[in-house]
2 protein chains.
Amino acid sequence: MTDLKSQIEDFGRRARAAARVLARTSAEQKNQGLLAMADEIVAAAPSILEANAKDVAKATAEGLSKAMIDRLTLDTKRLEAMADGIRQVAALPDPVGEQIRDWTRPNGLRISKVRVPIGVVGIIYESRPNVTSDAAVLCTKTGNATILRGGSESIHSNVAIAAALSRGAAKAGLPEDSVLLIPTTDREAVKHLCAMDKYLDVIVPRGGKGLIETVVSHARMPVIKHYDGICIIYVDKEADLAMAENIVLNAKCQRPGVCNAIETVLVHRDIADQFFATTGKALLERNVEIRGDDATRAALGDKAKAATPEDYRTEFLDLIIASKVVGGVGEAIDHIELNGSHHSDGIVTANEQTAERFLAEVDSATVYWNASTRFTDGGEFGFGAEIGISTDKLHARGPMALEELTTYKYLLRGTGQIRN
Amino acid sequence: MTDLKSQIEDFGRRARAAARVLARTSAEQKNQGLLAMADEIVAAAPSILEANAKDVAKATAEGLSKAMIDRLTLDTKRLEAMADGIRQVAALPDPVGEQIRDWTRPNGLRISKVRVPIGVVGIIYESRPNVTSDAAVLCTKTGNATILRGGSESIHSNVAIAAALSRGAAKAGLPEDSVLLIPTTDREAVKHLCAMDKYLDVIVPRGGKGLIETVVSHARMPVIKHYDGICIIYVDKEADLAMAENIVLNAKCQRPGVCNAIETVLVHRDIADQFFATTGKALLERNVEIRGDDATRAALGDKAKAATPEDYRTEFLDLIIASKVVGGVGEAIDHIELNGSHHSDGIVTANEQTAERFLAEVDSATVYWNASTRFTDGGEFGFGAEIGISTDKLHARGPMALEELTTYKYLLRGTGQIRN
């Protein structure tokens, strides 16, 4: 345990030193580094696939689900895609160095607010080995050093991928320690990381509730959580019901296992019968289980199960939807504020005033009017890449992309000004 | 203990409800509320001064220092100043509602990034009762509800001031719970606050290291720390030495007890003799104790004490300065990165290239070229008011003013877009 602690502190020191170098590295040099990382992923394919085979064999022996094993498995094509992903990040504009604001005080002091890297970013994640590459290269792009801690299922793959990224960085003259991966599955490692506020500027947990809870309880540094998405759509009495059906079906069924899919639909009582007769039927036809309140069940009969209060606070990540009939936009907003996870919520209505009230009063990272919540995504926002969707309110809210991997500092240029 | 916990949770619930109302309150209404708060402070002067007299009597009986008692003591003039401070905040522009960015995606989806209140802000502070008003009104201005927890020395004053602010808010139609003060000095209250991430969106500790350490160890929500300022000025070989003397004397002596005063001066060896013969002498004449390395002492003789490594990492907050002779800007940057607190650091030099390297490589909230570090202040930055100086890197860095009391959300307006 003490050995693990000092090993992780050593990682911290090395990452901090690498971060200092990365912070003064030009965009061009960083991009050269990223291209070299991509090449090295391809060149190291044999060793990465060999390592991956060990993880897959273990997962198979342990009887993991087919879906899990598929997420874990790498092949040459997936490694090529990983390398292409890195090259795409290299081609994005570098936010570092941007002058956010610039003004001169009456005493002649010039103040510039400029965008700088955060420093050392810790990323804790589960299962999929490509997160190792995705997360690390976004940090490198923005001049941050990264300490990665992946899930135990993909430990061999992660070690091999991180080693390739480090070699690539070094070949292009970036610090080898730009990307560090904790090569142990010891759970105490997470706690040691969380205690290391001297070296780690922020920690980003991506994974299940248990993991995030551990990080929140122990972290001394800022945490940017990627919690669950209990996303809700409210279908107003003035909704275009064909549009509402399109949106609800898309938000629920297109990919139910992701955080920006909806879990609940709220329906205005004036259009509830029509809505359930059309969209309700369409949901059932797509094998969506509907868990509704009395009014929903009055419309759908025993085709809808009875919803418990807990159903309205559950991220099903499956073909299940909670349904509730409400009296108006105010009641919908109250329901969302009390039950939602402040991730992505929407209204379908033709009434602009109702929509603007909803947009103003729903306190979520992304609030929609007449569109599917599935657009909460760095790519769909036009950010080019994302490290995830933050459910936190501070620093990064919603899609967390390159800009959210930076912070700022103030530069003050004077001519001898002193304070009286 | 359970009673205290449920009492604080009740505060949390009430603050959250107030925050929802404040978030949809117009700038004009909030300003009316602030003006009513100012009036109420003046109207309630008799009861506030009576409460304050209890605190002062207790402090006197306990033998607190004259300076402490002075900071604690209120009189009619100070209450008038407090009310004037509130009126000044009312006159500032409201950052809430600002459209930070706005763009339309190829699919026609319009995305707006807009500035919104954070929600519920917890502020934990020590001693001075006017922080109760200063902090609360900045939060009200930005549409946040505030839960305050002041120091035990000023508990009676704080309760009376917060009650006046609540009454003022209510008279102008803002929620009475916009400003809540925890009316107990029980230390467990801080821990309960720190656990309440359901209701508290951020916690801002202002005070000594012990207090901040308690908050950092227990908080489950984001913390914006106002830690110590170990600020450093480097006098380069190409410095205008008269300018350097002005700046160093100002930064050390004008108000040594504040966080943006310097604690260390680094001097290039090529101009060290000259510097110590003039500025060194001037510091000694102002009764500044110099703790230097061997080279400093070679120049100043026994007028300088020997510095320990700890002296370079100490916030003296007094007429004491650590001094070290360095070989160049690189060594100065290394010293600052390893010993400073990343608050405010400066270089004095006539060489622009050297200055720009220093500005780029020093990773502090504010980095100065040819000016005193004493300008790290919301007022001096032109922000109108500040809640403090953040030594954190994320969300708020450096002077934390109205804008830093807000966050953002994304509004997406569509015409039925769904994701393929």
# chains A, B, ... in the order shown; residues from 1 in each chain; ligands from 1
$ residues_around --residues "range 331-345 of chain A" --least-positions-apart "2" --cutoff "9 Å" --atoms "only C-alpha atoms" --output "NGL selection string"
:A and (227-234 or 259-262 or 264 or 266-268 or 312-314 or 326-329 or 347 or 358 or 361-369 or 373-374 or 376 or 389-392 or 397-398)
$ closest_atom_pairs --of "chain A" --to "chain B" --cutoff "6 Å" --atoms "only C-alpha atoms" --output "Markdown table"
| residue | atom | partner | partner_atom | distance |
| --- | --- | --- | --- | --- |
| A:Val216 | CA | B:Arg220 | CA | 5.7 |
| A:Arg220 | CA | B:Val216 | CA | 5.7 |
| A:Met243 | CA | B:Gly416 | CA | 5.7 |
| A:Ile247 | CA | B:Ile418 | CA | 6.0 |
| A:Ala365 | CA | B:Lys409 | CA | 4.9 |
| A:Thr366 | CA | B:Tyr410 | CA | 4.6 |
| A:Val367 | CA | B:Leu411 | CA | 5.0 |
| A:Tyr368 | CA | B:Leu412 | CA | 4.7 |
| A:Trp369 | CA | B:Arg413 | CA | 4.8 |
| A:Asn370 | CA | B:Gly416 | CA | 5.0 |
| A:Ala371 | CA | B:Gln417 | CA | 4.7 |
| A:Ser372 | CA | B:Ile418 | CA | 5.1 |
| A:Leu394 | CA | B:His395 | CA | 6.0 |
| A:His395 | CA | B:His395 | CA | 4.5 |
| A:Lys409 | CA | B:Ala365 | CA | 4.9 |
| A:Tyr410 | CA | B:Thr366 | CA | 4.6 |
| A:Leu411 | CA | B:Val367 | CA | 5.0 |
| A:Leu412 | CA | B:Tyr368 | CA | 4.7 |
| A:Arg413 | CA | B:Trp369 | CA | 4.8 |
| A:Gly414 | CA | B:Asn370 | CA | 5.0 |
| A:Thr415 | CA | B:Asn370 | CA | 5.5 |
| A:Gly416 | CA | B:Ala371 | CA | 4.9 |
| A:Gln417 | CA | B:Ala371 | CA | 4.7 |
| A:Ile418 | CA | B:Ser372 | CA | 5.1 |
$ residues_around --residues "range 72-88 of chain B" --least-positions-apart "2" --cutoff "9 Å" --atoms "only C-alpha atoms" --output "number ranges by chain"
B: 31, 34-35, 37-42, 45-46, 48-49, 52-53, 55-56, 59, 67-70, 90-92, 127-130, 133-134, 137-138, 153-154, 157, 384-385
$ closest_residue --among "A:Val96, A:Ile320, A:Ala295, A:Ile161" --to "Ala136 in chain A" --atoms "only C-alpha atoms"
A:Ile161
$ residues_around --residues "His192 in chain B" --least-positions-apart "6" --cutoff "9 Å" --atoms "only C-alpha atoms" --output "compact mmCIF listing (two decimals) with N, CA and C atoms, in the first residue's frame"
# COMPACT_ATOMS: atom_id res chain seq x y z
N LEU B 4 -29.17 19.10 14.10
CA LEU B 4 -28.39 20.07 13.34
C LEU B 4 -28.40 19.68 11.87
N LYS B 5 -28.22 18.38 11.62
CA LYS B 5 -28.19 17.91 10.24
C LYS B 5 -29.51 18.21 9.53
N ILE B 8 -29.91 21.87 8.83
CA ILE B 8 -29.13 22.35 7.68
C ILE B 8 -29.71 21.84 6.37
N GLU B 9 -30.25 20.63 6.40
CA GLU B 9 -30.93 20.15 5.18
C GLU B 9 -32.16 20.99 4.88
N HIS B 218 -13.97 17.43 3.30
CA HIS B 218 -15.33 16.91 3.44
C HIS B 218 -16.26 17.22 2.29
$ atom_distance --atom1 "CA of Glu98 in chain B" --atom2 "CA of Arg115 in chain B"
5.3 Å
$ atom_distance --atom1 "CA of Asn144 in chain B" --atom2 "CA of Asp377 in chain B"
22.2 Å
$ residues_around --residues "Val288 in chain A" --least-positions-apart "4" --cutoff "9 Å" --atoms "only C-alpha atoms" --output "NGL selection string"
:A and (252-253 or 282-284 or 318-321)
$ write_last_selection --atoms "N, CA and C atoms" --output "compact mmCIF listing (two decimals), in the first residue's frame"
# COMPACT_ATOMS: atom_id res chain seq x y z
N LYS A 252 -36.03 8.06 -27.44
CA LYS A 252 -36.11 6.83 -26.64
C LYS A 252 -35.48 5.63 -27.34
N CYS A 253 -35.73 5.47 -28.62
CA CYS A 253 -35.43 4.18 -29.26
C CYS A 253 -34.15 4.14 -30.09
N ALA A 282 -47.03 3.54 -31.05
CA ALA A 282 -45.76 3.39 -31.77
C ALA A 282 -44.64 2.92 -30.84
N LEU A 283 -44.64 3.43 -29.62
CA LEU A 283 -43.63 2.99 -28.64
C LEU A 283 -43.82 1.51 -28.34
N LEU A 284 -45.08 1.10 -28.12
CA LEU A 284 -45.35 -0.31 -27.82
C LEU A 284 -44.95 -1.20 -28.98
N ASP A 318 -32.53 1.44 -21.40
CA ASP A 318 -33.16 0.26 -22.01
C ASP A 318 -34.48 0.70 -22.65
N LEU A 319 -35.17 -0.20 -23.32
CA LEU A 319 -36.44 0.13 -23.95
C LEU A 319 -37.57 0.17 -22.92
N ILE A 320 -37.43 1.08 -22.00
CA ILE A 320 -38.44 1.30 -20.95
C ILE A 320 -38.62 2.82 -20.86
N ILE A 321 -39.86 3.26 -20.74
CA ILE A 321 -40.09 4.70 -20.58
C ILE A 321 -41.13 4.93 -19.49
$ atom_distance --atom1 "CA of Ala272 in chain A" --atom2 "CA of Thr354 in chain A"
17.7 Å
$ select_by_dssp --residues "range 180-272 of chain A" --states "helix (DSSP H, G or I)" --output "JSON list (two decimals) with all heavy atoms, in the first residue's frame"
[["chain", "number", "residue", "atom", "x", "y", "z"],
["A", 188, "GLU", "N", -7.14, 0.58, -4.35],
["A", 188, "GLU", "CA", -6.60, 1.65, -3.51],
["A", 188, "GLU", "C", -5.96, 2.75, -4.36],
["A", 188, "GLU", "O", -5.83, 3.89, -3.92],
["A", 188, "GLU", "CB", -5.55, 1.08, -2.54],
["A", 188, "GLU", "CG", -6.13, 0.24, -1.42],
["A", 188, "GLU", "CD", -7.07, 1.04, -0.53],
["A", 188, "GLU", "OE1", -6.68, 2.13, -0.08],
["A", 188, "GLU", "OE2", -8.21, 0.57, -0.30],
["A", 189, "ALA", "N", -5.57, 2.40, -5.58],
["A", 189, "ALA", "CA", -4.91, 3.38, -6.45],
["A", 189, "ALA", "C", -5.81, 4.59, -6.67],
["A", 189, "ALA", "O", -5.32, 5.74, -6.70],
["A", 189, "ALA", "CB", -4.55, 2.73, -7.79],
["A", 190, "VAL", "N", -7.09, 4.36, -6.81],
["A", 190, "VAL", "CA", -8.03, 5.47, -7.03],
["A", 190, "VAL", "C", -8.01, 6.42, -5.83],
["A", 190, "VAL", "O", -7.98, 7.64, -5.98],
["A", 190, "VAL", "CB", -9.45, 4.94, -7.30],
["A", 190, "VAL", "CG1", -10.47, 6.08, -7.34],
["A", 190, "VAL", "CG2", -9.50, 4.18, -8.63],
["A", 191, "LYS", "N", -8.00, 5.85, -4.63],
["A", 191, "LYS", "CA", -7.99, 6.70, -3.44],
["A", 191, "LYS", "C", -6.70, 7.52, -3.35],
["A", 191, "LYS", "O", -6.72, 8.68, -2.97],
["A", 191, "LYS", "CB", -8.17, 5.85, -2.18],
["A", 191, "LYS", "CG", -9.58, 5.27, -2.11],
["A", 191, "LYS", "CD", -9.81, 4.49, -0.84],
["A", 191, "LYS", "CE", -11.14, 3.74, -0.95],
["A", 191, "LYS", "NZ", -11.29, 2.73, 0.09],
["A", 192, "HIS", "N", -5.58, 6.88, -3.71],
["A", 192, "HIS", "CA", -4.32, 7.64, -3.68],
["A", 192, "HIS", "C", -4.35, 8.77, -4.70],
["A", 192, "HIS", "O", -3.88, 9.88, -4.42],
["A", 192, "HIS", "CB", -3.13, 6.71, -3.95],
["A", 192, "HIS", "CG", -2.88, 5.71, -2.85],
["A", 192, "HIS", "ND1", -2.84, 6.08, -1.53],
["A", 192, "HIS", "CD2", -2.69, 4.38, -2.88],
["A", 192, "HIS", "CE1", -2.62, 5.00, -0.78],
["A", 192, "HIS", "NE2", -2.53, 3.95, -1.58],
["A", 193, "LEU", "N", -4.87, 8.48, -5.86],
["A", 193, "LEU", "CA", -5.01, 9.53, -6.88],
["A", 193, "LEU", "C", -5.86, 10.69, -6.35],
["A", 193, "LEU", "O", -5.51, 11.87, -6.50],
["A", 193, "LEU", "CB", -5.71, 8.98, -8.13],
["A", 193, "LEU", "CG", -4.89, 8.50, -9.30],
["A", 193, "LEU", "CD1", -5.83, 8.04, -10.41],
["A", 193, "LEU", "CD2", -3.95, 9.57, -9.83],
["A", 194, "CYS", "N", -6.97, 10.33, -5.71],
["A", 194, "CYS", "CA", -7.91, 11.34, -5.21],
["A", 194, "CYS", "C", -7.30, 12.22, -4.13],
["A", 194, "CYS", "O", -7.77, 13.34, -3.89],
["A", 194, "CYS", "CB", -9.16, 10.67, -4.66],
["A", 194, "CYS", "SG", -10.24, 10.01, -5.95],
["A", 195, "ALA", "N", -6.28, 11.70, -3.45],
["A", 195, "ALA", "CA", -5.65, 12.47, -2.36],
["A", 195, "ALA", "C", -4.57, 13.42, -2.88],
["A", 195, "ALA", "O", -4.10, 14.29, -2.17],
["A", 195, "ALA", "CB", -5.05, 11.51, -1.33],
["A", 209, "LYS", "N", -22.04, 4.52, -11.21],
["A", 209, "LYS", "CA", -22.28, 5.33, -10.01],
["A", 209, "LYS", "C", -21.31, 5.02, -8.89],
["A", 209, "LYS", "O", -20.89, 5.91, -8.17],
["A", 209, "LYS", "CB", -23.71, 5.08, -9.52],
["A", 209, "LYS", "CG", -24.74, 5.93, -10.22],
["A", 209, "LYS", "CD", -26.04, 5.98, -9.40],
["A", 209, "LYS", "CE", -26.99, 6.99, -10.00],
["A", 209, "LYS", "NZ", -28.21, 7.17, -9.22],
["A", 210, "GLY", "N", -20.98, 3.74, -8.74],
["A", 210, "GLY", "CA", -20.09, 3.33, -7.65],
["A", 210, "GLY", "C", -18.73, 3.99, -7.79],
["A", 210, "GLY", "O", -18.18, 4.54, -6.82],
["A", 211, "LEU", "N", -18.21, 3.97, -9.00],
["A", 211, "LEU", "CA", -16.92, 4.59, -9.27],
["A", 211, "LEU", "C", -16.98, 6.09, -8.98],
["A", 211, "LEU", "O", -16.12, 6.66, -8.29],
["A", 211, "LEU", "CB", -16.54, 4.36, -10.74],
["A", 211, "LEU", "CG", -15.34, 5.16, -11.24],
["A", 211, "LEU", "CD1", -14.06, 4.66, -10.61],
["A", 211, "LEU", "CD2", -15.23, 5.11, -12.76],
["A", 212, "ILE", "N", -18.01, 6.74, -9.49],
["A", 212, "ILE", "CA", -18.11, 8.20, -9.32],
["A", 212, "ILE", "C", -18.27, 8.54, -7.85],
["A", 212, "ILE", "O", -17.66, 9.48, -7.34],
["A", 212, "ILE", "CB", -19.27, 8.75, -10.18],
["A", 212, "ILE", "CG1", -18.95, 8.53, -11.68],
["A", 212, "ILE", "CG2", -19.49, 10.23, -9.91],
["A", 212, "ILE", "CD1", -20.01, 9.03, -12.64],
["A", 213, "GLU", "N", -19.06, 7.75, -7.13],
["A", 213, "GLU", "CA", -19.26, 7.97, -5.70],
["A", 213, "GLU", "C", -17.93, 7.88, -4.94],
["A", 213, "GLU", "O", -17.64, 8.71, -4.08],
["A", 213, "GLU", "CB", -20.28, 6.96, -5.17],
["A", 213, "GLU", "CG", -20.57, 7.04, -3.70],
["A", 213, "GLU", "CD", -21.02, 8.42, -3.25],
["A", 213, "GLU", "OE1", -21.71, 9.11, -4.01],
["A", 213, "GLU", "OE2", -20.65, 8.80, -2.12],
["A", 214, "THR", "N", -17.11, 6.88, -5.28],
["A", 214, "THR", "CA", -15.81, 6.75, -4.64],
["A", 214, "THR", "C", -14.97, 8.00, -4.88],
["A", 214, "THR", "O", -14.34, 8.53, -3.97],
["A", 214, "THR", "CB", -15.05, 5.51, -5.21],
["A", 214, "THR", "OG1", -15.85, 4.36, -4.99],
["A", 214, "THR", "CG2", -13.70, 5.34, -4.57],
["A", 215, "VAL", "N", -14.97, 8.46, -6.12],
["A", 215, "VAL", "CA", -14.15, 9.63, -6.45],
["A", 215, "VAL", "C", -14.66, 10.88, -5.72],
["A", 215, "VAL", "O", -13.90, 11.62, -5.11],
["A", 215, "VAL", "CB", -14.12, 9.86, -7.98],
["A", 215, "VAL", "CG1", -13.43, 11.17, -8.32],
["A", 215, "VAL", "CG2", -13.41, 8.69, -8.67],
["A", 216, "VAL", "N", -15.99, 11.08, -5.75],
["A", 216, "VAL", "CA", -16.56, 12.27, -5.09],
["A", 216, "VAL", "C", -16.25, 12.26, -3.59],
["A", 216, "VAL", "O", -15.95, 13.29, -3.00],
["A", 216, "VAL", "CB", -18.08, 12.34, -5.34],
["A", 216, "VAL", "CG1", -18.74, 13.38, -4.45],
["A", 216, "VAL", "CG2", -18.36, 12.67, -6.80],
["A", 217, "SER", "N", -16.32, 11.08, -2.99],
["A", 217, "SER", "CA", -16.09, 11.00, -1.54],
["A", 217, "SER", "C", -14.64, 11.27, -1.17],
["A", 217, "SER", "O", -14.37, 11.77, -0.09],
["A", 217, "SER", "CB", -16.46, 9.62, -1.01],
["A", 217, "SER", "OG", -17.79, 9.32, -1.34],
["A", 218, "HIS", "N", -13.72, 10.92, -2.05],
["A", 218, "HIS", "CA", -12.31, 11.01, -1.67],
["A", 218, "HIS", "C", -11.54, 12.16, -2.30],
["A", 218, "HIS", "O", -10.49, 12.53, -1.80],
["A", 218, "HIS", "CB", -11.60, 9.69, -2.02],
["A", 218, "HIS", "CG", -12.03, 8.55, -1.17],
["A", 218, "HIS", "ND1", -13.10, 7.75, -1.50],
["A", 218, "HIS", "CD2", -11.60, 8.09, 0.03],
["A", 218, "HIS", "CE1", -13.28, 6.83, -0.56],
["A", 218, "HIS", "NE2", -12.39, 7.02, 0.38],
["A", 241, "LEU", "N", -48.17, 17.08, -33.04],
["A", 241, "LEU", "CA", -48.07, 15.71, -32.50],
["A", 241, "LEU", "C", -47.27, 14.77, -33.39],
["A", 241, "LEU", "O", -46.66, 13.82, -32.90],
["A", 241, "LEU", "CB", -49.47, 15.15, -32.22],
["A", 241, "LEU", "CG", -50.17, 15.79, -31.00],
["A", 241, "LEU", "CD1", -51.53, 15.14, -30.76],
["A", 241, "LEU", "CD2", -49.30, 15.69, -29.75],
["A", 242, "ALA", "N", -47.22, 15.05, -34.69],
["A", 242, "ALA", "CA", -46.37, 14.23, -35.56],
["A", 242, "ALA", "C", -44.90, 14.49, -35.22],
["A", 242, "ALA", "O", -44.08, 13.57, -35.13],
["A", 242, "ALA", "CB", -46.65, 14.55, -37.03],
["A", 243, "MET", "N", -44.57, 15.78, -35.01],
["A", 243, "MET", "CA", -43.20, 16.12, -34.62],
["A", 243, "MET", "C", -42.87, 15.51, -33.26],
["A", 243, "MET", "O", -41.79, 14.94, -33.06],
["A", 243, "MET", "CB", -43.04, 17.64, -34.55],
["A", 243, "MET", "CG", -41.62, 18.08, -34.23],
["A", 243, "MET", "SD", -41.53, 19.82, -33.71],
["A", 243, "MET", "CE", -41.76, 20.66, -35.25],
["A", 244, "ALA", "N", -43.82, 15.59, -32.34],
["A", 244, "ALA", "CA", -43.60, 15.02, -31.00],
["A", 244, "ALA", "C", -43.32, 13.53, -31.10],
["A", 244, "ALA", "O", -42.43, 13.00, -30.42],
["A", 244, "ALA", "CB", -44.81, 15.29, -30.11],
["A", 245, "GLU", "N", -44.07, 12.84, -31.96],
["A", 245, "GLU", "CA", -43.86, 11.40, -32.10],
["A", 245, "GLU", "C", -42.45, 11.09, -32.62],
["A", 245, "GLU", "O", -41.74, 10.25, -32.08],
["A", 245, "GLU", "CB", -44.91, 10.78, -33.02],
["A", 245, "GLU", "CG", -44.68, 9.29, -33.22],
["A", 245, "GLU", "CD", -45.92, 8.59, -33.78],
["A", 245, "GLU", "OE1", -47.05, 9.01, -33.47],
["A", 245, "GLU", "OE2", -45.74, 7.63, -34.54],
["A", 246, "ASN", "N", -42.07, 11.81, -33.67],
["A", 246, "ASN", "CA", -40.71, 11.65, -34.21],
["A", 246, "ASN", "C", -39.65, 11.83, -33.13],
["A", 246, "ASN", "O", -38.70, 11.06, -33.03],
["A", 246, "ASN", "CB", -40.45, 12.72, -35.28],
["A", 246, "ASN", "CG", -40.71, 12.19, -36.67],
["A", 246, "ASN", "OD1", -40.65, 10.98, -36.89],
["A", 246, "ASN", "ND2", -40.99, 13.10, -37.58],
["A", 247, "ILE", "N", -39.81, 12.90, -32.38],
["A", 247, "ILE", "CA", -38.80, 13.26, -31.38],
["A", 247, "ILE", "C", -38.77, 12.25, -30.24],
["A", 247, "ILE", "O", -37.70, 11.78, -29.83],
["A", 247, "ILE", "CB", -39.06, 14.70, -30.86],
["A", 247, "ILE", "CG1", -38.73, 15.72, -31.97],
["A", 247, "ILE", "CG2", -38.24, 14.99, -29.60],
["A", 247, "ILE", "CD1", -39.08, 17.16, -31.62],
["A", 248, "VAL", "N", -39.94, 11.87, -29.74],
["A", 248, "VAL", "CA", -39.99, 10.92, -28.62],
["A", 248, "VAL", "C", -39.44, 9.56, -29.05],
["A", 248, "VAL", "O", -38.65, 8.93, -28.33],
["A", 248, "VAL", "CB", -41.43, 10.81, -28.06],
["A", 248, "VAL", "CG1", -41.55, 9.62, -27.11],
["A", 248, "VAL", "CG2", -41.83, 12.10, -27.36],
["A", 249, "LEU", "N", -39.83, 9.10, -30.25],
["A", 249, "LEU", "CA", -39.32, 7.81, -30.71],
["A", 249, "LEU", "C", -37.81, 7.85, -30.90],
["A", 249, "LEU", "O", -37.09, 6.93, -30.51],
["A", 249, "LEU", "CB", -40.00, 7.40, -32.03],
["A", 249, "LEU", "CG", -41.49, 7.05, -31.95],
["A", 249, "LEU", "CD1", -42.01, 6.68, -33.34],
["A", 249, "LEU", "CD2", -41.74, 5.89, -30.97],
["A", 250, "ASN", "N", -37.31, 8.95, -31.45],
["A", 250, "ASN", "CA", -35.87, 9.07, -31.66],
["A", 250, "ASN", "C", -35.14, 9.11, -30.33],
["A", 250, "ASN", "O", -34.13, 8.42, -30.12],
["A", 250, "ASN", "CB", -35.57, 10.33, -32.48],
["A", 250, "ASN", "CG", -34.10, 10.49, -32.79],
["A", 250, "ASN", "OD1", -33.41, 11.29, -32.18],
["A", 250, "ASN", "ND2", -33.59, 9.71, -33.75],
["A", 251, "ALA", "N", -35.64, 9.93, -29.41],
["A", 251, "ALA", "CA", -34.95, 10.13, -28.14],
["A", 251, "ALA", "C", -34.97, 8.87, -27.28],
["A", 251, "ALA", "O", -34.06, 8.63, -26.50],
["A", 251, "ALA", "CB", -35.56, 11.31, -27.39],
["A", 252, "LYS", "N", -36.03, 8.06, -27.44],
["A", 252, "LYS", "CA", -36.11, 6.83, -26.64],
["A", 252, "LYS", "C", -35.48, 5.63, -27.34],
["A", 252, "LYS", "O", -34.76, 4.86, -26.70],
["A", 252, "LYS", "CB", -37.58, 6.49, -26.32],
["A", 252, "LYS", "CG", -37.80, 5.23, -25.48],
["A", 252, "LYS", "CD", -37.32, 5.34, -24.04],
["A", 252, "LYS", "CE", -36.06, 4.58, -23.70],
["A", 252, "LYS", "NZ", -35.64, 4.75, -22.30],
["A", 253, "CYS", "N", -35.73, 5.47, -28.62],
["A", 253, "CYS", "CA", -35.43, 4.18, -29.26],
["A", 253, "CYS", "C", -34.15, 4.14, -30.09],
["A", 253, "CYS", "O", -33.61, 3.07, -30.33],
["A", 253, "CYS", "CB", -36.59, 3.76, -30.17],
["A", 253, "CYS", "SG", -38.19, 3.78, -29.36],
["A", 269, "ARG", "N", -52.37, 17.01, -20.44],
["A", 269, "ARG", "CA", -53.62, 16.22, -20.36],
["A", 269, "ARG", "C", -54.57, 16.49, -21.52],
["A", 269, "ARG", "O", -55.31, 15.60, -21.94],
["A", 269, "ARG", "CB", -54.32, 16.41, -19.02],
["A", 269, "ARG", "CG", -54.79, 17.80, -18.75],
["A", 269, "ARG", "CD", -55.63, 17.85, -17.45],
["A", 269, "ARG", "NE", -55.73, 19.25, -17.05],
["A", 269, "ARG", "CZ", -55.39, 19.72, -15.85],
["A", 269, "ARG", "NH1", -54.96, 18.91, -14.92],
["A", 269, "ARG", "NH2", -55.51, 21.00, -15.59],
["A", 270, "ASP", "N", -54.50, 17.71, -22.10],
["A", 270, "ASP", "CA", -55.43, 18.04, -23.18],
["A", 270, "ASP", "C", -55.18, 17.23, -24.45],
["A", 270, "ASP", "O", -56.07, 17.09, -25.29],
["A", 270, "ASP", "CB", -55.35, 19.54, -23.54],
["A", 270, "ASP", "CG", -55.91, 20.42, -22.43],
["A", 270, "ASP", "OD1", -56.37, 19.86, -21.41],
["A", 270, "ASP", "OD2", -55.87, 21.65, -22.58],
["A", 271, "ILE", "N", -53.96, 16.77, -24.64],
["A", 271, "ILE", "CA", -53.65, 16.01, -25.86],
["A", 271, "ILE", "C", -53.24, 14.57, -25.52],
["A", 271, "ILE", "O", -52.74, 13.84, -26.38],
["A", 271, "ILE", "CB", -52.57, 16.69, -26.71],
["A", 271, "ILE", "CG1", -51.35, 17.13, -25.87],
["A", 271, "ILE", "CG2", -53.14, 17.93, -27.42],
["A", 271, "ILE", "CD1", -50.27, 16.15, -25.80],
["A", 272, "ALA", "N", -53.44, 14.17, -24.27],
["A", 272, "ALA", "CA", -52.94, 12.86, -23.82],
["A", 272, "ALA", "C", -53.57, 11.72, -24.61],
["A", 272, "ALA", "O", -52.87, 10.79, -25.05],
["A", 272, "ALA", "CB", -53.18, 12.70, -22.32]]
